[in-house]
Amino acid sequence: MNPSYIVIPLVALTVALIGGNITSAGMYWYETLTLPEIAPTGSIIGAVWIFIYITTTIVALLVWNRFPRDDKFWQIIGLFVINAALNAAWTFVFFGINSLVTSIIIAVLLEVSVLWLLFKIRSVSRPTALLLYPYAIWVAFAIYLTIVITNLNL
């Protein structure tokens with residue numbers, strides 16, 4: 001059996017569990033904020049992130065197992081690492097240390113990393129890149145929502 005089918009999902013699961021634990025610990029603070037009416041419930045947010053982690057894991061597996069091992073491949077792998085770090089950083093900054101303004105900056109960087117991944121992957125496989133569109137859309141929505149929450153709570 002190819003070890004990537006174990007390692008890549010385990011990495012994704014680890015990032016998701018760390019993020020989930022930080023989010024759970026910060027929910028009390030989050031519930032004290034003034035939220036806009038468009039703010040989704042925690043269960044919707046959780047369901048969307050589960051979907052995003054699953055699709056991103058599939059993309060990582062496709063890249064690792066089907067893309068040629070050229071410079072572009074290693075750039076994509078590096079982008080996955082940067083993306084995971086930014087994803088974890090946003091969760092820590094927003095839910096862990098409750099810094100709204102800094103979380104906006106990190107969310108924008110996260111969106112840039114998702115779009116960069118999408119375009120790099122798209123140049124090799126458009127169907128694989130399509131799996132990242134929900135992630136890009138969700139992060140764009142999260143940026144908007146974070147800006148609105150910040151403005152409501154200053």
# chains A, B, ... in the order shown; residues from 1 in each chain; ligands from 1
$ residues_around --residues "Ser24 in chain A" --least-positions-apart "6" --cutoff "10 Å" --atoms "only C-alpha atoms" --output "ChimeraX atom specification"
/A:18,30,42,95-96
$ write_last_selection --atoms "C-alpha atoms" --output "PDB file, in the first residue's frame"
ATOM      1  CA  ILE A  18      -5.900  21.062  16.300  1.00  0.00           C
ATOM      2  CA  TYR A  30     -17.110  33.966  20.060  1.00  0.00           C
ATOM      3  CA  GLY A  42     -21.326  26.504  14.518  1.00  0.00           C
ATOM      4  CA  PHE A  95     -10.335  31.765  18.519  1.00  0.00           C
ATOM      5  CA  GLY A  96      -7.178  31.337  20.582  1.00  0.00           C
TER       6      GLY A  96
END
$ select_by_dssp --residues "chain A" --states "alpha helix (DSSP H)" --output "JSON, numbers by chain"
{"A": [4, 5, 6, 7, 8, 9, 10, 11, 12, 13, 14, 15, 16, 17, 18, 19, 20, 21, 22, 23, 24, 25, 26, 27, 28, 29, 30, 31, 32, 42, 43, 44, 45, 46, 47, 48, 49, 50, 51, 52, 53, 54, 55, 56, 57, 58, 59, 60, 61, 62, 63, 64, 65, 66, 71, 72, 73, 74, 75, 76, 77, 78, 79, 80, 81, 82, 83, 84, 85, 86, 87, 88, 89, 90, 91, 100, 101, 102, 103, 104, 105, 106, 107, 108, 109, 110, 111, 112, 113, 114, 115, 116, 117, 118, 119, 120, 121, 122, 126, 127, 128, 129, 130, 133, 134, 135, 136, 137, 138, 139, 140, 141, 142, 143, 144, 145, 146, 147, 148, 149, 150, 151, 152]}
$ residues_around --residues "Thr23 in chain A" --least-positions-apart "3" --cutoff "8 Å" --atoms "only C-alpha atoms" --output "count of residues only"
8
$ closest_atom_pairs --of "range 4-86 of chain A" --to "range 100-113 of chain A" --cutoff "10 Å" --atoms "only C-alpha atoms" --output "tab-separated table"
residue	atom	partner	partner_atom	distance
A:Leu79	CA	A:Ser113	CA	6.6
A:Phe80	CA	A:Ser113	CA	8.2
A:Val81	CA	A:Ser113	CA	9.8
A:Ile82	CA	A:Ser113	CA	7.2
A:Asn83	CA	A:Ser113	CA	5.7
A:Ala84	CA	A:Leu110	CA	8.8
A:Ala85	CA	A:Leu110	CA	8.9
A:Leu86	CA	A:Leu110	CA	5.5
$ write_last_selection --atoms "C-alpha atoms" --output "mmCIF file, in the first residue's frame"
data_model
loop_
_atom_site.group_PDB
_atom_site.id
_atom_site.type_symbol
_atom_site.label_atom_id
_atom_site.label_comp_id
_atom_site.auth_asym_id
_atom_site.auth_seq_id
_atom_site.Cartn_x
_atom_site.Cartn_y
_atom_site.Cartn_z
ATOM 1 C CA LEU A 79 1.995 25.769 -0.911
ATOM 2 C CA PHE A 80 0.074 22.997 0.847
ATOM 3 C CA VAL A 81 2.395 23.360 3.841
ATOM 4 C CA ILE A 82 2.019 27.163 3.847
ATOM 5 C CA ASN A 83 -1.741 26.803 3.505
ATOM 6 C CA ALA A 84 -1.980 24.406 6.452
ATOM 7 C CA ALA A 85 0.147 26.754 8.588
ATOM 8 C CA LEU A 86 -2.015 29.765 7.675
#
$ atom_distance --atom1 "CA of Lys120 in chain A" --atom2 "CA of Asn87 in chain A"
18.7 Å
$ residues_around --residues "Ile121 in chain A" --least-positions-apart "5" --cutoff "9 Å" --atoms "only C-alpha atoms" --output "list in words"
Val59, Val63, Lys72, Phe73, Ile76, Trp116, Arg126, Thr128 and Ala129 of chain A
$ write_last_selection --atoms "N, CA and C atoms" --output "short mmCIF file (atom, residue, chain, number, x, y, z; two decimals), in the first residue's frame"
data_model
loop_
_atom_site.label_atom_id
_atom_site.label_comp_id
_atom_site.auth_asym_id
_atom_site.auth_seq_id
_atom_site.Cartn_x
_atom_site.Cartn_y
_atom_site.Cartn_z
N VAL A 59 -7.38 16.41 -3.04
CA VAL A 59 -6.50 17.15 -3.95
C VAL A 59 -5.03 16.81 -3.64
N VAL A 63 -2.44 15.16 -6.24
CA VAL A 63 -1.18 15.82 -6.59
C VAL A 63 -0.01 14.88 -6.29
N LYS A 72 7.19 22.42 -10.41
CA LYS A 72 5.82 22.82 -10.09
C LYS A 72 5.23 21.94 -8.99
N PHE A 73 5.51 20.65 -9.06
CA PHE A 73 5.04 19.73 -8.03
C PHE A 73 5.53 20.17 -6.65
N ILE A 76 3.84 23.25 -5.39
CA ILE A 76 2.49 22.93 -4.90
C ILE A 76 2.57 22.31 -3.51
N TRP A 116 -3.50 30.59 -5.00
CA TRP A 116 -2.23 30.23 -5.60
C TRP A 116 -2.17 28.72 -5.83
N ARG A 126 -7.16 20.56 -14.42
CA ARG A 126 -8.34 21.39 -14.11
C ARG A 126 -9.34 20.66 -13.22
N THR A 128 -8.82 18.48 -10.90
CA THR A 128 -8.30 18.47 -9.53
C THR A 128 -8.46 19.85 -8.91
N ALA A 129 -8.16 20.89 -9.66
CA ALA A 129 -8.27 22.26 -9.15
C ALA A 129 -9.72 22.61 -8.79
#
$ atom_distance --atom1 "CA of Ile54 in chain A" --atom2 "CA of Ala89 in chain A"
19.6 Å
$ decode --residues "range 7-119 of chain A" --atoms "C-alpha atoms" --output "mmCIF file, in the first residue's frame"
data_model
loop_
_atom_site.group_PDB
_atom_site.id
_atom_site.type_symbol
_atom_site.label_atom_id
_atom_site.label_comp_id
_atom_site.auth_asym_id
_atom_site.auth_seq_id
_atom_site.Cartn_x
_atom_site.Cartn_y
_atom_site.Cartn_z
ATOM 1 C CA VAL A 7 0.173 10.020 5.786
ATOM 2 C CA ILE A 8 -1.719 12.732 3.868
ATOM 3 C CA PRO A 9 -5.096 12.033 5.529
ATOM 4 C CA LEU A 10 -3.358 11.860 8.932
ATOM 5 C CA VAL A 11 -1.761 15.272 8.344
ATOM 6 C CA ALA A 12 -5.127 16.724 7.310
ATOM 7 C CA LEU A 13 -6.833 15.117 10.299
ATOM 8 C CA THR A 14 -4.177 16.481 12.653
ATOM 9 C CA VAL A 15 -4.586 20.031 11.309
ATOM 10 C CA ALA A 16 -8.381 19.680 11.545
ATOM 11 C CA LEU A 17 -8.281 18.347 15.116
ATOM 12 C CA ILE A 18 -5.900 21.062 16.300
ATOM 13 C CA GLY A 19 -8.112 23.691 14.687
ATOM 14 C CA GLY A 20 -11.237 22.101 16.116
ATOM 15 C CA ASN A 21 -9.813 22.056 19.632
ATOM 16 C CA ILE A 22 -8.748 25.706 19.430
ATOM 17 C CA THR A 23 -12.150 26.647 18.015
ATOM 18 C CA SER A 24 -14.011 24.743 20.737
ATOM 19 C CA ALA A 25 -11.940 26.450 23.432
ATOM 20 C CA GLY A 26 -12.720 29.870 21.906
ATOM 21 C CA MET A 27 -16.461 29.397 21.394
ATOM 22 C CA TYR A 28 -17.353 31.057 24.692
ATOM 23 C CA TRP A 29 -15.579 34.238 23.550
ATOM 24 C CA TYR A 30 -17.110 33.966 20.060
ATOM 25 C CA GLU A 31 -20.613 33.743 21.539
ATOM 26 C CA THR A 32 -20.029 37.037 23.401
ATOM 27 C CA LEU A 33 -19.421 38.884 20.116
ATOM 28 C CA THR A 34 -22.016 40.856 18.235
ATOM 29 C CA LEU A 35 -22.507 38.772 15.087
ATOM 30 C CA PRO A 36 -24.195 39.736 11.831
ATOM 31 C CA GLU A 37 -27.372 37.931 10.830
ATOM 32 C CA ILE A 38 -25.497 36.183 8.024
ATOM 33 C CA ALA A 39 -23.118 34.475 10.459
ATOM 34 C CA PRO A 40 -23.603 30.726 10.045
ATOM 35 C CA THR A 41 -24.158 28.532 13.059
ATOM 36 C CA GLY A 42 -21.326 26.504 14.518
ATOM 37 C CA SER A 43 -22.756 23.296 13.074
ATOM 38 C CA ILE A 44 -22.809 24.774 9.556
ATOM 39 C CA ILE A 45 -19.261 26.056 9.941
ATOM 40 C CA GLY A 46 -18.155 22.629 11.153
ATOM 41 C CA ALA A 47 -19.864 20.841 8.273
ATOM 42 C CA VAL A 48 -18.303 23.161 5.706
ATOM 43 C CA TRP A 49 -14.837 22.680 7.176
ATOM 44 C CA ILE A 50 -15.237 18.895 7.184
ATOM 45 C CA PHE A 51 -16.119 19.084 3.487
ATOM 46 C CA ILE A 52 -13.142 21.387 2.806
ATOM 47 C CA TYR A 53 -10.715 19.120 4.668
ATOM 48 C CA ILE A 54 -11.988 16.084 2.749
ATOM 49 C CA THR A 55 -11.733 17.761 -0.661
ATOM 50 C CA THR A 56 -8.332 19.274 0.133
ATOM 51 C CA THR A 57 -7.079 15.862 1.239
ATOM 52 C CA ILE A 58 -8.298 14.380 -2.045
ATOM 53 C CA VAL A 59 -6.499 17.147 -3.946
ATOM 54 C CA ALA A 60 -3.281 16.515 -1.991
ATOM 55 C CA LEU A 61 -3.527 12.787 -2.717
ATOM 56 C CA LEU A 62 -4.106 13.414 -6.420
ATOM 57 C CA VAL A 63 -1.182 15.816 -6.588
ATOM 58 C CA TRP A 64 1.145 13.485 -4.687
ATOM 59 C CA ASN A 65 0.210 10.366 -6.624
ATOM 60 C CA ARG A 66 -0.462 11.644 -10.139
ATOM 61 C CA PHE A 67 1.527 14.813 -10.775
ATOM 62 C CA PRO A 68 5.030 14.662 -12.285
ATOM 63 C CA ARG A 69 7.829 15.289 -9.771
ATOM 64 C CA ASP A 70 8.980 18.551 -11.333
ATOM 65 C CA ASP A 71 9.545 22.049 -9.923
ATOM 66 C CA LYS A 72 5.820 22.824 -10.091
ATOM 67 C CA PHE A 73 5.043 19.730 -8.030
ATOM 68 C CA TRP A 74 7.378 20.812 -5.225
ATOM 69 C CA GLN A 75 5.983 24.366 -5.361
ATOM 70 C CA ILE A 76 2.489 22.926 -4.903
ATOM 71 C CA ILE A 77 3.650 20.777 -1.978
ATOM 72 C CA GLY A 78 5.234 23.867 -0.407
ATOM 73 C CA LEU A 79 1.995 25.769 -0.911
ATOM 74 C CA PHE A 80 0.074 22.997 0.847
ATOM 75 C CA VAL A 81 2.395 23.360 3.841
ATOM 76 C CA ILE A 82 2.019 27.163 3.847
ATOM 77 C CA ASN A 83 -1.741 26.803 3.505
ATOM 78 C CA ALA A 84 -1.980 24.406 6.452
ATOM 79 C CA ALA A 85 0.147 26.754 8.588
ATOM 80 C CA LEU A 86 -2.015 29.765 7.675
ATOM 81 C CA ASN A 87 -5.179 27.780 8.316
ATOM 82 C CA ALA A 88 -3.967 26.830 11.793
ATOM 83 C CA ALA A 89 -2.664 30.365 12.416
ATOM 84 C CA TRP A 90 -6.026 31.937 11.583
ATOM 85 C CA THR A 91 -7.825 29.620 13.976
ATOM 86 C CA PHE A 92 -5.299 30.317 16.739
ATOM 87 C CA VAL A 93 -5.360 34.090 16.236
ATOM 88 C CA PHE A 94 -9.161 34.344 15.957
ATOM 89 C CA PHE A 95 -10.335 31.765 18.519
ATOM 90 C CA GLY A 96 -7.178 31.337 20.582
ATOM 91 C CA ILE A 97 -5.993 34.868 21.247
ATOM 92 C CA ASN A 98 -9.101 36.695 19.994
ATOM 93 C CA SER A 99 -7.315 39.154 17.725
ATOM 94 C CA LEU A 100 -9.883 40.214 15.155
ATOM 95 C CA VAL A 101 -7.732 42.600 13.109
ATOM 96 C CA THR A 102 -4.776 40.209 12.899
ATOM 97 C CA SER A 103 -7.133 37.403 11.904
ATOM 98 C CA ILE A 104 -8.291 39.478 8.920
ATOM 99 C CA ILE A 105 -4.693 39.788 7.720
ATOM 100 C CA ILE A 106 -4.091 36.055 8.136
ATOM 101 C CA ALA A 107 -7.387 35.242 6.397
ATOM 102 C CA VAL A 108 -6.334 37.323 3.393
ATOM 103 C CA LEU A 109 -2.992 35.483 3.297
ATOM 104 C CA LEU A 110 -4.885 32.181 3.594
ATOM 105 C CA GLU A 111 -7.065 33.143 0.623
ATOM 106 C CA VAL A 112 -3.979 34.051 -1.397
ATOM 107 C CA SER A 113 -2.494 30.630 -0.598
ATOM 108 C CA VAL A 114 -5.710 28.847 -1.649
ATOM 109 C CA LEU A 115 -5.915 30.791 -4.914
ATOM 110 C CA TRP A 116 -2.225 30.228 -5.597
ATOM 111 C CA LEU A 117 -2.689 26.501 -5.002
ATOM 112 C CA LEU A 118 -5.742 26.482 -7.230
ATOM 113 C CA PHE A 119 -3.958 28.181 -10.120
#
